[in-house]
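Raw start.pdb, PDB, C-alpha atoms (C1' of nucleotides):
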```pdb
ATOM      1  CA  MET G  16     -41.035 -75.825  -5.744
ATOM      2  CA  GLY G  17     -38.681 -76.868  -8.425
ATOM      3  CA  GLY G  18     -36.721 -80.115  -8.657
ATOM      4  CA  VAL G  19     -37.144 -81.744 -12.013
ATOM      5  CA  PRO G  20     -40.511 -82.301 -13.684
ATOM      6  CA  GLU G  21     -41.457 -85.543 -11.964
ATOM      7  CA  LEU G  22     -44.904 -86.392 -10.644
ATOM      8  CA  ALA G  23     -44.914 -83.643  -7.992
ATOM      9  CA  GLU G  24     -44.004 -80.858 -10.390
ATOM     10  CA  VAL G  25     -46.349 -82.002 -13.133
ATOM     11  CA  GLU G  26     -49.214 -82.220 -10.635
ATOM     12  CA  ALA G  27     -48.515 -78.581  -9.763
ATOM     13  CA  TYR G  28     -48.592 -77.790 -13.484
ATOM     14  CA  ARG G  29     -51.915 -79.617 -13.761
ATOM     15  CA  ARG G  30     -53.472 -77.554 -11.014
ATOM     16  CA  LEU G  31     -52.241 -74.415 -12.718
ATOM     17  CA  ALA G  32     -53.629 -75.613 -16.046
ATOM     18  CA  GLU G  33     -57.064 -75.987 -14.475
ATOM     19  CA  GLU G  34     -57.272 -72.204 -14.538
ATOM     20  CA  VAL G  35     -57.779 -72.305 -18.295
ATOM     21  CA  VAL G  36     -60.670 -74.773 -18.203
ATOM     22  CA  GLY G  37     -63.603 -73.160 -19.991
ATOM     23  CA  ARG G  38     -61.468 -70.916 -22.145
ATOM     24  CA  ALA G  39     -61.504 -71.137 -25.938
ATOM     25  CA  VAL G  40     -58.343 -71.354 -28.018
ATOM     26  CA  ALA G  41     -57.872 -68.309 -30.208
ATOM     27  CA  GLU G  42     -54.385 -69.084 -31.473
ATOM     28  CA  VAL G  43     -51.767 -71.826 -31.291
ATOM     29  CA  VAL G  44     -48.168 -70.674 -31.169
ATOM     30  CA  ALA G  45     -45.729 -73.394 -32.176
ATOM     31  CA  PRO G  46     -42.469 -71.732 -33.199
ATOM     32  CA  ASP G  47     -40.308 -74.803 -32.566
ATOM     33  CA  GLY G  48     -41.073 -77.648 -34.940
ATOM     34  CA  TRP G  49     -38.684 -79.946 -33.114
ATOM     35  CA  TYR G  50     -40.859 -79.637 -30.037
ATOM     36  CA  LEU G  51     -43.840 -81.183 -31.826
ATOM     37  CA  LYS G  52     -43.707 -84.970 -31.537
ATOM     38  CA  ARG G  53     -45.040 -88.000 -33.374
ATOM     39  CA  GLY G  54     -45.255 -86.300 -36.729
ATOM     40  CA  LEU G  55     -47.183 -83.294 -35.523
ATOM     41  CA  THR G  56     -46.633 -80.016 -37.368
ATOM     42  CA  ALA G  57     -47.454 -76.419 -36.546
ATOM     43  CA  PRO G  58     -50.260 -76.112 -39.137
ATOM     44  CA  VAL G  59     -51.813 -79.395 -38.032
ATOM     45  CA  VAL G  60     -51.843 -78.576 -34.337
ATOM     46  CA  ALA G  61     -53.116 -75.073 -35.061
ATOM     47  CA  ALA G  62     -56.009 -76.378 -37.147
ATOM     48  CA  ALA G  63     -56.816 -79.090 -34.608
ATOM     49  CA  LEU G  64     -57.075 -76.758 -31.637
ATOM     50  CA  ALA G  65     -58.290 -73.458 -33.061
ATOM     51  CA  GLY G  66     -61.672 -72.581 -31.602
ATOM     52  CA  ARG G  67     -61.626 -75.543 -29.211
ATOM     53  CA  ARG G  68     -62.608 -75.129 -25.602
ATOM     54  CA  VAL G  69     -60.512 -76.511 -22.748
ATOM     55  CA  MET G  70     -62.577 -79.017 -20.769
ATOM     56  CA  ALA G  71     -60.198 -80.449 -18.163
ATOM     57  CA  ALA G  72     -56.590 -80.904 -17.095
ATOM     58  CA  ARG G  73     -55.537 -84.445 -16.223
ATOM     59  CA  ARG G  74     -52.211 -86.045 -15.357
ATOM     60  CA  ILE G  75     -50.801 -89.544 -15.689
ATOM     61  CA  GLY G  76     -47.335 -89.770 -14.221
ATOM     62  CA  LYS G  77     -45.290 -87.003 -15.790
ATOM     63  CA  LEU G  78     -47.660 -86.514 -18.719
ATOM     64  CA  LEU G  79     -50.039 -83.555 -18.579
ATOM     65  CA  LEU G  80     -53.242 -83.968 -20.573
ATOM     66  CA  VAL G  81     -55.173 -80.873 -21.555
ATOM     67  CA  GLU G  82     -58.581 -82.025 -22.692
ATOM     68  CA  THR G  83     -60.544 -79.994 -25.180
ATOM     69  CA  ASP G  84     -63.872 -80.511 -26.897
ATOM     70  CA  GLY G  85     -61.658 -81.725 -29.742
ATOM     71  CA  PRO G  86     -58.311 -83.506 -29.358
ATOM     72  CA  VAL G  87     -56.390 -84.077 -26.154
ATOM     73  CA  LEU G  88     -53.210 -82.057 -25.932
ATOM     74  CA  GLY G  89     -50.344 -83.985 -24.343
ATOM     75  CA  LEU G  90     -47.511 -82.044 -22.722
ATOM     76  CA  ARG G  91     -44.192 -83.580 -21.621
ATOM     77  CA  PHE G  92     -41.716 -81.456 -19.741
ATOM     78  CA  GLY G  93     -38.417 -83.302 -20.009
ATOM     79  CA  MET G  94     -36.148 -82.064 -17.281
ATOM     80  CA  SER G  95     -36.280 -78.317 -17.745
ATOM     81  CA  GLY G  96     -39.823 -77.657 -18.932
ATOM     82  CA  ARG G  97     -42.266 -75.500 -17.001
ATOM     83  CA  LEU G  98     -45.835 -74.417 -17.500
ATOM     84  CA  LEU G  99     -46.920 -70.779 -17.438
ATOM     85  CA  VAL G 100     -50.531 -69.638 -17.336
ATOM     86  CA  ASP G 101     -51.207 -65.961 -17.907
ATOM     87  CA  GLY G 102     -47.507 -65.409 -17.349
ATOM     88  CA  ARG G 103     -47.470 -67.099 -13.957
ATOM     89  CA  ALA G 104     -45.608 -70.296 -13.119
ATOM     90  CA  ALA G 105     -46.501 -73.073 -10.683
ATOM     91  CA  VAL G 106     -42.819 -73.707 -10.126
ATOM     92  CA  ASP G 107     -40.283 -70.949  -9.582
ATOM     93  CA  ASN G 108     -37.120 -72.581 -10.793
ATOM     94  CA  LEU G 109     -35.953 -76.045 -11.625
ATOM     95  CA  LEU G 110     -32.924 -77.718 -10.115
ATOM     96  CA  TYR G 111     -30.972 -78.081 -13.318
ATOM     97  CA  GLY G 112     -32.513 -75.145 -15.130
ATOM     98  CA  PRO G 113     -31.189 -71.651 -15.704
ATOM     99  CA  GLY G 114     -31.758 -68.928 -13.143
ATOM    100  CA  ARG G 115     -33.144 -66.574 -15.742
ATOM    101  CA  GLU G 116     -36.422 -66.132 -17.589
ATOM    102  CA  LEU G 117     -36.312 -65.687 -21.339
ATOM    103  CA  GLU G 118     -39.245 -65.675 -23.720
ATOM    104  CA  LYS G 119     -37.082 -67.328 -26.356
ATOM    105  CA  TRP G 120     -37.438 -70.515 -24.313
ATOM    106  CA  ASP G 121     -41.197 -70.569 -24.944
ATOM    107  CA  ARG G 122     -41.600 -73.602 -27.213
ATOM    108  CA  PHE G 123     -45.372 -73.831 -27.425
ATOM    109  CA  ALA G 124     -48.403 -71.796 -26.383
ATOM    110  CA  LEU G 125     -52.168 -71.546 -26.540
ATOM    111  CA  ARG G 126     -53.596 -68.049 -26.622
ATOM    112  CA  PHE G 127     -57.177 -67.805 -25.483
ATOM    113  CA  ALA G 128     -60.046 -65.814 -26.868
ATOM    114  CA  SER G 129     -61.690 -62.955 -25.015
ATOM    115  CA  PRO G 130     -63.328 -62.407 -22.652
ATOM    116  CA  ALA G 131     -61.016 -64.656 -20.622
ATOM    117  CA  GLY G 132     -57.938 -64.079 -22.777
ATOM    118  CA  GLY G 133     -54.550 -64.999 -21.400
ATOM    119  CA  ASP G 134     -52.371 -67.888 -22.436
ATOM    120  CA  LEU G 135     -50.833 -71.236 -21.520
ATOM    121  CA  ARG G 136     -47.152 -71.568 -22.339
ATOM    122  CA  MET G 137     -44.464 -74.205 -22.150
ATOM    123  CA  ARG G 138     -41.091 -72.725 -21.292
ATOM    124  CA  ASP G 139     -38.307 -75.242 -21.802
ATOM    125  CA  PRO G 140     -34.700 -74.052 -22.100
ATOM    126  CA  ARG G 141     -33.262 -77.474 -22.886
ATOM    127  CA  ARG G 142     -36.003 -78.608 -25.251
ATOM    128  CA  LEU G 143     -36.191 -82.116 -23.807
ATOM    129  CA  GLY G 144     -39.935 -81.881 -23.435
ATOM    130  CA  GLY G 145     -42.501 -81.978 -26.192
ATOM    131  CA  VAL G 146     -46.085 -81.611 -27.383
ATOM    132  CA  GLU G 147     -48.368 -84.158 -29.016
ATOM    133  CA  LEU G 148     -52.018 -84.646 -29.878
ATOM    134  CA  ASP G 149     -54.041 -87.531 -28.458
ATOM    135  CA  PRO G 150     -51.031 -89.156 -26.741
ATOM    136  CA  PRO G 151     -51.293 -92.941 -26.375
ATOM    137  CA  GLU G 152     -52.203 -93.013 -22.693
ATOM    138  CA  ALA G 153     -52.281 -96.798 -22.581
ATOM    139  CA  ARG G 154     -48.505 -96.817 -22.949
ATOM    140  CA  LEU G 155     -48.201 -95.525 -19.405
ATOM    141  CA  GLY G 156     -48.391 -97.682 -16.327
ATOM    142  CA  PRO G 157     -50.549 -96.810 -13.323
ATOM    143  CA  ASP G 158     -49.790 -93.505 -11.645
ATOM    144  CA  ALA G 159     -47.384 -93.907  -8.732
ATOM    145  CA  LEU G 160     -49.674 -91.987  -6.373
ATOM    146  CA  VAL G 161     -52.437 -94.572  -6.651
ATOM    147  CA  VAL G 162     -50.747 -97.817  -7.715
ATOM    148  CA  THR G 163     -52.126-100.895  -5.947
ATOM    149  CA  PRO G 164     -50.013-103.531  -4.169
ATOM    150  CA  ALA G 165     -51.047-106.104  -6.787
ATOM    151  CA  ALA G 166     -50.008-103.885  -9.696
ATOM    152  CA  LEU G 167     -46.698-103.128  -8.025
ATOM    153  CA  ALA G 168     -46.081-106.834  -7.447
ATOM    154  CA  ARG G 169     -46.700-107.523 -11.138
ATOM    155  CA  LEU G 170     -44.214-104.949 -12.342
ATOM    156  CA  LEU G 171     -41.588-106.404 -10.007
ATOM    157  CA  GLU G 172     -41.699-109.749 -11.810
ATOM    158  CA  SER G 173     -38.416-109.084 -13.583
ATOM    159  CA  GLY G 174     -34.708-109.619 -13.266
ATOM    160  CA  ALA G 175     -34.030-105.949 -14.069
ATOM    161  CA  PRO G 176     -32.679-103.724 -11.306
ATOM    162  CA  LEU G 177     -35.380-102.625  -8.879
ATOM    163  CA  LYS G 178     -34.755 -98.956  -9.565
ATOM    164  CA  ALA G 179     -34.935 -99.387 -13.346
ATOM    165  CA  ARG G 180     -38.282-101.074 -12.924
ATOM    166  CA  LEU G 181     -39.699 -98.276 -10.769
ATOM    167  CA  MET G 182     -38.598 -95.729 -13.357
ATOM    168  CA  ASP G 183     -40.038 -97.568 -16.358
ATOM    169  CA  GLN G 184     -42.893 -95.228 -17.252
ATOM    170  CA  SER G 185     -44.687 -97.903 -19.249
ATOM    171  CA  ARG G 186     -45.065 -99.940 -16.052
ATOM    172  CA  LEU G 187     -45.277 -97.276 -13.361
ATOM    173  CA  ALA G 188     -45.875 -93.642 -14.234
ATOM    174  CA  GLY G 189     -44.399 -90.679 -12.408
ATOM    175  CA  VAL G 190     -41.253 -91.852 -10.636
ATOM    176  CA  GLY G 191     -38.133 -90.032 -11.818
ATOM    177  CA  ASN G 192     -34.548 -90.348 -10.746
ATOM    178  CA  LEU G 193     -34.757 -88.203  -7.623
ATOM    179  CA  ALA G 194     -37.968 -89.805  -6.338
ATOM    180  CA  ALA G 195     -36.648 -93.300  -7.055
ATOM    181  CA  ASP G 196     -33.582 -92.710  -4.908
ATOM    182  CA  GLU G 197     -35.735 -91.258  -2.120
ATOM    183  CA  VAL G 198     -38.257 -94.108  -2.167
ATOM    184  CA  LEU G 199     -35.611 -96.832  -2.059
ATOM    185  CA  TRP G 200     -33.644 -95.012   0.610
ATOM    186  CA  ARG G 201     -36.766 -94.759   2.793
ATOM    187  CA  ALA G 202     -37.711 -98.358   2.112
ATOM    188  CA  GLY G 203     -34.197 -99.582   2.901
ATOM    189  CA  LEU G 204     -33.827-101.406  -0.421
ATOM    190  CA  ASP G 205     -30.736-101.602  -2.631
ATOM    191  CA  PRO G 206     -31.573-100.024  -6.028
ATOM    192  CA  SER G 207     -29.575-102.661  -7.897
ATOM    193  CA  ARG G 208     -31.417-105.647  -6.423
ATOM    194  CA  PRO G 209     -33.152-107.715  -9.101
ATOM    195  CA  ALA G 210     -36.784-106.643  -8.886
ATOM    196  CA  ARG G 211     -38.048-110.178  -8.444
ATOM    197  CA  SER G 212     -35.675-110.848  -5.537
ATOM    198  CA  LEU G 213     -37.919-108.887  -3.175
ATOM    199  CA  THR G 214     -39.723-110.903  -0.538
ATOM    200  CA  ALA G 215     -43.432-110.388   0.042
ATOM    201  CA  ALA G 216     -42.624-108.324   3.116
ATOM    202  CA  GLU G 217     -40.211-106.162   1.131
ATOM    203  CA  ARG G 218     -42.769-105.639  -1.635
ATOM    204  CA  CYS G 219     -45.266-104.522   0.970
ATOM    205  CA  ARG G 220     -42.744-102.138   2.497
ATOM    206  CA  LEU G 221     -41.875-100.771  -0.938
ATOM    207  CA  HIS G 222     -45.512-100.171  -1.793
ATOM    208  CA  ARG G 223     -46.107 -98.302   1.452
ATOM    209  CA  HIS G 224     -43.015 -96.111   1.024
ATOM    210  CA  LEU G 225     -43.657 -95.533  -2.669
ATOM    211  CA  ARG G 226     -47.111 -94.073  -2.197
ATOM    212  CA  ALA G 227     -46.185 -92.221   0.965
ATOM    213  CA  THR G 228     -43.057 -90.735  -0.589
ATOM    214  CA  MET G 229     -44.821 -89.555  -3.736
ATOM    215  CA  ALA G 230     -47.553 -87.950  -1.618
ATOM    216  CA  ASP G 231     -44.929 -86.429   0.639
ATOM    217  CA  LEU G 232     -42.904 -84.917  -2.203
ATOM    218  CA  LEU G 233     -46.109 -83.519  -3.645
ATOM    219  CA  ALA G 234     -47.131 -81.979  -0.300
ATOM    220  CA  ARG G 235     -43.664 -80.556   0.280
ATOM    221  CA  GLY G 236     -43.638 -79.016  -3.165
ATOM    222  CA  GLY G 237     -41.317 -80.923  -5.442
ATOM    223  CA  SER G 238     -39.188 -83.882  -6.388
ATOM    224  CA  HIS G 239     -36.170 -82.243  -4.780
ATOM    225  CA  THR G 240     -37.667 -82.011  -1.269
ATOM    226  CA  GLY G 241     -36.789 -85.529  -0.137
ATOM    227  CA  ASP G 242     -34.787 -86.191   3.002
ATOM    228  CA  LEU G 243     -31.995 -87.823   0.999
ATOM    229  CA  MET G 244     -31.716 -84.995  -1.511
ATOM    230  CA  PRO G 245     -29.441 -82.618   0.457
ATOM    231  CA  HIS G 246     -26.951 -85.460   0.929
ATOM    232  CA  ARG G 247     -27.012 -86.607  -2.674
ATOM    233  CA  GLN G 248     -23.603 -85.106  -3.469
ATOM    234  CA  PRO G 249     -19.896 -85.922  -3.116
ATOM    235  CA  GLY G 250     -19.024 -86.440   0.550
ATOM    236  CA  GLY G 251     -22.687 -86.947   1.440
ATOM    237  CA  THR G 252     -23.600 -89.225   4.336
ATOM    238  CA  CYS G 253     -26.798 -91.087   5.105
ATOM    239  CA  PRO G 254     -29.099 -88.928   7.271
ATOM    240  CA  LYS G 255     -30.363 -92.093   8.954
ATOM    241  CA  ASP G 256     -27.120 -93.707  10.063
ATOM    242  CA  GLY G 257     -24.250 -91.481   8.986
ATOM    243  CA  THR G 258     -22.756 -93.986   6.554
ATOM    244  CA  PRO G 259     -21.011 -92.398   3.550
ATOM    245  CA  LEU G 260     -23.386 -92.592   0.586
ATOM    246  CA  VAL G 261     -22.406 -94.487  -2.540
ATOM    247  CA  ARG G 262     -22.769 -92.993  -6.000
ATOM    248  CA  ARG G 263     -23.099 -95.327  -8.964
ATOM    249  CA  THR G 264     -25.062 -95.884 -12.150
ATOM    250  CA  VAL G 265     -28.144 -98.093 -11.905
ATOM    251  CA  GLY G 266     -30.577 -98.455 -14.763
ATOM    252  CA  GLY G 267     -28.536 -95.905 -16.673
ATOM    253  CA  ARG G 268     -29.079 -93.202 -14.087
ATOM    254  CA  THR G 269     -26.970 -91.582 -11.413
ATOM    255  CA  THR G 270     -27.897 -93.325  -8.188
ATOM    256  CA  TRP G 271     -27.142 -92.416  -4.586
ATOM    257  CA  SER G 272     -27.774 -94.935  -1.845
ATOM    258  CA  CYS G 273     -26.724 -95.987   1.645
ATOM    259  CA  PRO G 274     -24.696 -99.226   1.599
ATOM    260  CA  HIS G 275     -25.483 -99.834   5.260
ATOM    261  CA  HIS G 276     -29.268 -99.784   5.558
ATOM    262  CA  GLN G 277     -30.306-100.290   1.917
ATOM    263  CA  ARG G 278     -30.161-104.019   1.370
TER     264      ARG G 278
ATOM    265  C1'  DA O  26     -40.279-109.828 -25.794
ATOM    266  C1'  DT O  27     -37.073-107.888 -22.554
ATOM    267  C1'  DT O  28     -33.215-105.359 -21.074
ATOM    268  C1'  DG O  29     -29.379-102.212 -21.666
ATOM    269  C1'  DT O  30     -26.968 -98.264 -23.959
ATOM    270  C1'  DG O  31     -26.295 -93.933 -26.148
ATOM    271  C1'  DG O  32     -27.838 -89.597 -27.754
ATOM    272  C1'  DC O  33     -30.742 -85.716 -27.777
ATOM    273  C1'  DC O  34     -30.729 -80.759 -25.749
ATOM    274  C1'  DT O  35     -28.742 -76.550 -23.192
ATOM    275  C1'  DG O  36     -27.029 -74.096 -19.122
ATOM    276  C1'  DC O  37     -23.961 -74.243 -15.433
ATOM    277  C1'  DC O  38     -19.737 -75.210 -12.991
ATOM    278  C1'  DC O  39     -15.144 -76.457 -12.470
ATOM    279  C1'  DG O  40     -10.349 -76.267 -13.710
ATOM    280  C1'  DC O  41      -6.947 -74.378 -16.546
TER     281       DC O  41
ATOM    282  C1'  DT V  26     -11.176 -63.270 -18.099
ATOM    283  C1'  DG V  27     -12.395 -66.833 -21.427
ATOM    284  C1'  DC V  28     -12.725 -71.447 -22.811
ATOM    285  C1'  DG V  29     -13.650 -76.467 -22.925
ATOM    286  C1'  DG V  30     -15.125 -80.537 -20.949
ATOM    287  C1'  DG V  31     -18.164 -82.881 -17.944
ATOM    288  C1'  DC V  32     -22.532 -83.186 -15.976
ATOM    289  C1'  DA V  33     -27.577 -83.013 -14.972
ATOM    290  C1'  DG V  34     -31.950 -86.397 -16.396
ATOM    291  C1'  DG V  35     -36.694 -87.586 -19.137
ATOM    292  C1'  DC V  36     -37.391 -89.954 -23.042
ATOM    293  C1'  DC V  37     -36.761 -92.368 -27.369
ATOM    294  C1'  DA V  38     -34.344 -95.011 -30.980
ATOM    295  C1'  DC V  39     -31.704 -98.707 -31.381
ATOM    296  C1'  DA V  40     -28.902-102.924 -30.254
ATOM    297  C1'  DA V  41     -28.252-107.342 -28.134
TER     298       DA V  41
END
```

If you convert what's in this file into structure tokens, what do you get?
Amino acid sequence: MGGVPELAEVEAYRRLAEEVVGRAVAEVVAPDGWYLKRGLTAPVVAAALAGRRVMAARRIGKLLLVETDGPVLGLRFGMSGRLLVDGRAAVDNLLYGPGRELEKWDRFALRFASPAGGDLRMRDPRRLGGVELDPPEARLGPDALVVTPAALARLLESGAPLKARLMDQSRLAGVGNLAADEVLWRAGLDPSRPARSLTAAERCRLHRHLRATMADLLARGGSHTGDLMPHRQPGGTCPKDGTPLVRRTVGGRTTWSCPHHQR
DNA sequence: ATTGTGGCCTGCCCGC
DNA sequence: TGCGGGCAGGCCACAA
């Protein structure tokens, strides 16, 4: 496991976080003020969570929600953030992360009271993730694992590139750059197609491949386990038909696709 | 309102 | 061997 923190990785983090359900917060460690978002400060988050008990661990897209009997703690992992519980990680290493482990990369932690003890830590070398209290969940679209055909059809009512639309977290939550390329490659759709140019049959095909791909990446253990991934590099060829892959920028992101079968 | 762009952040890799 | 530039991508502020 270990691509970038997309839906598959964050779901693994969520399962790990479930191990702290029932524990009470003894101490909040927030050494990096920059990591606290939306005006949150170390004293505020410490006061809000001290003594609170963890009730559940939920996930919407790439956002991990740690519910307490007080506020909800929202954790975002950027592209290099990982979760550690009692010193153990759900993900060994991330694709674009360092190969080392340094405690100086711990940006935020909850330490739990005895008898359970232990801690929950966010380790993020590049500091692109962040922590917030009571994150506005309504700003996220439906989770990509469970999105309905009707909801997908609605978010495709746009002239924006198909890929940009799939990656817009406010409309569909959980699809990152690697998963987007994999989904569109499997579905045989050109990432730069205007979203609303899809026919009904293509929308149906996209929906099927979207949910299946997200479930597949989750089962395989990460956003980097797609069939396209090993070929997503200079000189790479399409594993379906052998056509040289094309690299370009779509929706502001590096995009690899097959010019032959993705139409 | 919608869509596109740039910058944040840091570690790694390549070429000199 | 060291150094600098380019690159990776989730997310947000900002511009058009």

Per residue of chain G within 8 Å of chain V, note the shortest atom pair and the distance in Å to one decimal, counting only C-alpha atoms (C1' of nucleotides), and order the rows by chain and increasing residue number, as a Markdown table.
```
| residue | atom | partner | partner_atom | distance |
| --- | --- | --- | --- | --- |
| G:Phe92 | CA | V:DG35 | C1' | 7.9 |
| G:Gly93 | CA | V:DG35 | C1' | 4.7 |
| G:Met94 | CA | V:DG35 | C1' | 5.9 |
| G:Tyr111 | CA | V:DA33 | C1' | 6.2 |
| G:Leu143 | CA | V:DG35 | C1' | 7.2 |
| G:Gly144 | CA | V:DG35 | C1' | 7.8 |
| G:Gly191 | CA | V:DG35 | C1' | 7.8 |
| G:Asn192 | CA | V:DG34 | C1' | 7.4 |
| G:Arg268 | CA | V:DG34 | C1' | 7.7 |
```

Since I can't run it myself right now, could you work out what the PyMOL selection byres ((chain G) within 12 of (chain O)) selects here and report it as a CSV table (one decimal) with C-alpha atoms, in the coordinates of the input?
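Done, and the output landed in out09.csv:
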```
chain,number,residue,atom,x,y,z
G,49,TRP,CA,-38.7,-79.9,-33.1
G,50,TYR,CA,-40.9,-79.6,-30.0
G,93,GLY,CA,-38.4,-83.3,-20.0
G,94,MET,CA,-36.1,-82.1,-17.3
G,95,SER,CA,-36.3,-78.3,-17.7
G,96,GLY,CA,-39.8,-77.7,-18.9
G,109,LEU,CA,-36.0,-76.0,-11.6
G,110,LEU,CA,-32.9,-77.7,-10.1
G,111,TYR,CA,-31.0,-78.1,-13.3
G,112,GLY,CA,-32.5,-75.1,-15.1
G,113,PRO,CA,-31.2,-71.7,-15.7
G,114,GLY,CA,-31.8,-68.9,-13.1
G,115,ARG,CA,-33.1,-66.6,-15.7
G,120,TRP,CA,-37.4,-70.5,-24.3
G,139,ASP,CA,-38.3,-75.2,-21.8
G,140,PRO,CA,-34.7,-74.1,-22.1
G,141,ARG,CA,-33.3,-77.5,-22.9
G,142,ARG,CA,-36.0,-78.6,-25.3
G,143,LEU,CA,-36.2,-82.1,-23.8
G,144,GLY,CA,-39.9,-81.9,-23.4
G,145,GLY,CA,-42.5,-82.0,-26.2
G,172,GLU,CA,-41.7,-109.7,-11.8
G,173,SER,CA,-38.4,-109.1,-13.6
G,174,GLY,CA,-34.7,-109.6,-13.3
G,175,ALA,CA,-34.0,-105.9,-14.1
G,176,PRO,CA,-32.7,-103.7,-11.3
G,179,ALA,CA,-34.9,-99.4,-13.3
G,180,ARG,CA,-38.3,-101.1,-12.9
G,183,ASP,CA,-40.0,-97.6,-16.4
G,265,VAL,CA,-28.1,-98.1,-11.9
G,266,GLY,CA,-30.6,-98.5,-14.8
G,267,GLY,CA,-28.5,-95.9,-16.7
G,268,ARG,CA,-29.1,-93.2,-14.1
```

Original post:
Rounded to one decimal in Å, what is the spacing between CA of Pro245 (chain G) and CA of Glu21 (chain G)?
Top reply: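 Rounded to one decimal, the two atoms are 17.5 Å apart.
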
**OP:** Step by step: start from the point (-30.8, -95.9, -0.1) in the file's coordinates, keep every protein, DNA or RNA residue that has an atom no farther than 10 Å from it, count only C-alpha atoms (C1' of nucleotides), and write the set as a list in words.
**Re:**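 The requested residues, written out, are Ala195, Asp196, Glu197, Val198, Leu199, Trp200, Arg201, Ala202, Gly203, Leu204, Asp205, Pro206, Leu243, Cys253, Lys255, Leu260, Val261, Thr270, Trp271, Ser272, Cys273, Pro274, His275, His276, Gln277 and Arg278 of chain G.
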
Would you mind exporting the chosen residues as an mmCIF file, in the coordinates of the input, restricted to C-alpha atoms?
```cif
data_model
loop_
_atom_site.group_PDB
_atom_site.id
_atom_site.type_symbol
_atom_site.label_atom_id
_atom_site.label_comp_id
_atom_site.auth_asym_id
_atom_site.auth_seq_id
_atom_site.Cartn_x
_atom_site.Cartn_y
_atom_site.Cartn_z
ATOM 1 C CA ALA G 195 -36.648 -93.300 -7.055
ATOM 2 C CA ASP G 196 -33.582 -92.710 -4.908
ATOM 3 C CA GLU G 197 -35.735 -91.258 -2.120
ATOM 4 C CA VAL G 198 -38.257 -94.108 -2.167
ATOM 5 C CA LEU G 199 -35.611 -96.832 -2.059
ATOM 6 C CA TRP G 200 -33.644 -95.012 0.610
ATOM 7 C CA ARG G 201 -36.766 -94.759 2.793
ATOM 8 C CA ALA G 202 -37.711 -98.358 2.112
ATOM 9 C CA GLY G 203 -34.197 -99.582 2.901
ATOM 10 C CA LEU G 204 -33.827 -101.406 -0.421
ATOM 11 C CA ASP G 205 -30.736 -101.602 -2.631
ATOM 12 C CA PRO G 206 -31.573 -100.024 -6.028
ATOM 13 C CA LEU G 243 -31.995 -87.823 0.999
ATOM 14 C CA CYS G 253 -26.798 -91.087 5.105
ATOM 15 C CA LYS G 255 -30.363 -92.093 8.954
ATOM 16 C CA LEU G 260 -23.386 -92.592 0.586
ATOM 17 C CA VAL G 261 -22.406 -94.487 -2.540
ATOM 18 C CA THR G 270 -27.897 -93.325 -8.188
ATOM 19 C CA TRP G 271 -27.142 -92.416 -4.586
ATOM 20 C CA SER G 272 -27.774 -94.935 -1.845
ATOM 21 C CA CYS G 273 -26.724 -95.987 1.645
ATOM 22 C CA PRO G 274 -24.696 -99.226 1.599
ATOM 23 C CA HIS G 275 -25.483 -99.834 5.260
ATOM 24 C CA HIS G 276 -29.268 -99.784 5.558
ATOM 25 C CA GLN G 277 -30.306 -100.290 1.917
ATOM 26 C CA ARG G 278 -30.161 -104.019 1.370
#
```

Original post:
Which distance in Å separates CA of Lys77 (chain G) and CA of Arg186 (chain G), to one decimal?
Top reply: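 It comes out at 12.9 Å.
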
**OP:** Between CA of Leu187 (chain G) and CA of Leu160 (chain G), measure the distance and give it in Å to one decimal.
**Re:** 9.8 Å
